[in-house]
Structures are given as structure tokens and as C-alpha cells.
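Please read the structure below before turning to the comments.
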Amino acid sequence: MAINKNHEFEELDGVKCGIVEKNVSPERVQFLKKLLEYNRFTVVIVPSPPPKAAPAPVVKLAEGAEPPPPPPPPAPETFTVGVTDYTFNPTNAIFGRLLHTPDGHVVTQAYWQQKETVSHDEVPYYERGV
């Protein structure tokens, strides 16, 4: 059980892991895996369980009635990404400037969220000279 929402851990494939993200697309999995392995974390990836859906009600058709529409397509396949260091906290890692990109820059929040393709590691306001 996590202490708070930002520090989750659970067992993935029989290994206790710190959860990095849940319900992640395959493209995001590749991004996170490359980044975390570069930072020397052992990454564990498992398929996310499908969302729970209510069973479809059984409807008896009256004579001459049209059949109900087909069920919606299945949800897209998503994954849960974790690292074997169960003390890992993505929020602390990003804002604590603990992660680095392969080109040597500090991982920023925009880079982590894939809003930028290059990390522009700014000097924090409290380290800047006046």
C-alpha cells in the first residue's frame, strides 16, 4: 500500500517494484524504458488489466425487432511500467533533478511528459545569482 498517490509500489511479475506509470501506451513504454535504463534502473513492464465493465444485459427481442448494436471495441492495450527500486518516486526524481537524458541534460518535467524532444535543463531559480 502506498503512503500517498505519488509513491506507489506493487508486485509486477513477482518482483516488488516502484510504479512509474500505469495505463501507458506502447510508444510511451519505449520512451520510459530507454530513459530509465539509461539512468541504471531495471525496468519491469506488464500489461495493464482491462477496465472492469458491467456485463451486458440480456435483452429478449420482440418479433421483427432489430438486434442491438455490437458491443464497443476493446480498450487499447496499455501497460504498467515499474522499476525494481521500489523507493523510486517519479515526482521526486524529476524535481530533484536525479534523471539525465542520454545526451547529458537533466530531465525536465516537459521532457518527461514528452512535450519537448530536447531537455532544456534550466538552472532552478534558487540557484541563480541575483
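All residue names refer to the C-alpha cells as shown: chains lettered A, B, ... in order, residues numbered from 1 in each chain, ligands numbered from 1 in order.
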Which neighbours of A:Phe41 fall inside 7 Å, counting only C-alpha atoms, when residues of the same chain fewer than 4 positions from it are skipped, and could you give them as a list in words? Leu36, Glu37 and Val83 of chain A
Near A:Ile45, counting only C-alpha atoms, which residues have an atom at most 7 Å away, once you skip same-chain residues fewer than 5 positions from it, shown as a PyMOL selection string? chain A and resi 79-82
Saved selection, atoms kept: C-alpha atoms, as a compact mmCIF listing (two decimals), in the first residue's frame:
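What landed in selection19.txt:
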```txt
# COMPACT_ATOMS: atom_id res chain seq x y z
CA PHE A 79 0.94 -1.30 -19.83
CA THR A 80 2.15 -0.69 -16.29
CA VAL A 81 5.77 0.43 -16.05
CA GLY A 82 7.75 -0.10 -12.86
```
Which residues are close to A:Phe9, i.e. within 9 Å by only C-alpha atoms, leaving aside same-chain residues fewer than 2 positions away? Reply as an mmCIF file with C-alpha atoms, in the first residue's frame.
```
data_model
loop_
_atom_site.group_PDB
_atom_site.id
_atom_site.type_symbol
_atom_site.label_atom_id
_atom_site.label_comp_id
_atom_site.auth_asym_id
_atom_site.auth_seq_id
_atom_site.Cartn_x
_atom_site.Cartn_y
_atom_site.Cartn_z
ATOM 1 C CA MET A 1 0.000 0.000 0.000
ATOM 2 C CA ALA A 2 1.420 3.356 -0.983
ATOM 3 C CA HIS A 7 4.748 6.861 -4.211
ATOM 4 C CA GLU A 11 4.386 -6.607 -7.323
ATOM 5 C CA LYS A 16 8.307 -5.749 -5.899
ATOM 6 C CA CYS A 17 8.511 -2.580 -7.998
ATOM 7 C CA GLY A 18 8.092 1.138 -7.665
ATOM 8 C CA ILE A 19 5.369 2.156 -10.118
ATOM 9 C CA VAL A 20 6.471 4.733 -12.666
ATOM 10 C CA GLY A 82 7.752 -0.102 -12.864
ATOM 11 C CA TYR A 86 10.620 0.228 -5.053
ATOM 12 C CA THR A 87 11.656 3.512 -3.400
ATOM 13 C CA PHE A 88 11.608 5.235 -6.824
#
```
Using only C-alpha atoms, determine which residues lie at most 12 Å from A:Val29, disregarding the query and same-chain residues fewer than 2 positions distant; provide the list as a ChimeraX atom specification. /A:20-27,31-37,43-48,77-82,114
Serialized selection, C-alpha atoms, as an mmCIF file, in the first residue's frame:
```
data_model
loop_
_atom_site.group_PDB
_atom_site.id
_atom_site.type_symbol
_atom_site.label_atom_id
_atom_site.label_comp_id
_atom_site.auth_asym_id
_atom_site.auth_seq_id
_atom_site.Cartn_x
_atom_site.Cartn_y
_atom_site.Cartn_z
ATOM 1 C CA VAL A 20 6.471 4.733 -12.666
ATOM 2 C CA GLU A 21 3.199 4.996 -14.627
ATOM 3 C CA LYS A 22 0.047 2.958 -15.229
ATOM 4 C CA ASN A 23 -2.074 2.586 -18.369
ATOM 5 C CA VAL A 24 0.789 3.592 -20.644
ATOM 6 C CA SER A 25 0.709 3.332 -24.452
ATOM 7 C CA PRO A 26 3.341 1.177 -26.209
ATOM 8 C CA GLU A 27 5.087 4.315 -27.545
ATOM 9 C CA PHE A 31 10.359 6.213 -24.172
ATOM 10 C CA LEU A 32 10.273 5.456 -20.426
ATOM 11 C CA LYS A 33 12.197 2.204 -20.775
ATOM 12 C CA LYS A 34 15.019 3.854 -22.724
ATOM 13 C CA LEU A 35 15.228 6.780 -20.295
ATOM 14 C CA LEU A 36 15.078 4.716 -17.103
ATOM 15 C CA GLU A 37 17.535 2.078 -18.314
ATOM 16 C CA VAL A 43 12.526 -1.712 -15.774
ATOM 17 C CA VAL A 44 9.609 -4.147 -15.458
ATOM 18 C CA ILE A 45 6.704 -3.848 -17.912
ATOM 19 C CA VAL A 46 3.445 -5.783 -17.629
ATOM 20 C CA PRO A 47 0.127 -5.427 -19.463
ATOM 21 C CA SER A 48 -2.410 -3.386 -17.524
ATOM 22 C CA GLU A 77 -3.694 -2.265 -24.959
ATOM 23 C CA THR A 78 -1.889 -0.441 -22.171
ATOM 24 C CA PHE A 79 0.939 -1.300 -19.826
ATOM 25 C CA THR A 80 2.149 -0.692 -16.294
ATOM 26 C CA VAL A 81 5.767 0.434 -16.046
ATOM 27 C CA GLY A 82 7.752 -0.102 -12.864
ATOM 28 C CA GLN A 114 7.128 14.292 -23.923
#
```
Best match for closeness to A:Leu99 among A:Thr42, A:Thr84, A:Trp112, A:Pro67, counting only C-alpha atoms: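 Distance minimum relative to A:Leu99 lands on A:Trp112.
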Could you check the closest approach to A:His100 for each of A:Val118, A:Asp13, A:Asp85, A:Arg28 and tell me which residue wins, using only C-alpha atoms? A:Val118
Please provide the set of residues having any atom within 8 Å of stretch 104-106 of chain A, restricted to only C-alpha atoms, with same-chain residues fewer than 4 positions apart removed, written as a list of chain:residue names.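 Final neighbour list, sorted by chain and number: A:Arg97, A:Leu98, A:Leu99, A:His100, A:Ser119, A:His120, A:Asp121.
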Per DSSP on the backbone, filter stretch 1-32 of chain A down to the residues in helix (DSSP H, G or I) and report them as number ranges by chain. A: 26-32
Between atom CA of A:Asp103 and atom CA of A:Tyr38, what is the distance in Å, rounded to a tenth? 10.4 Å
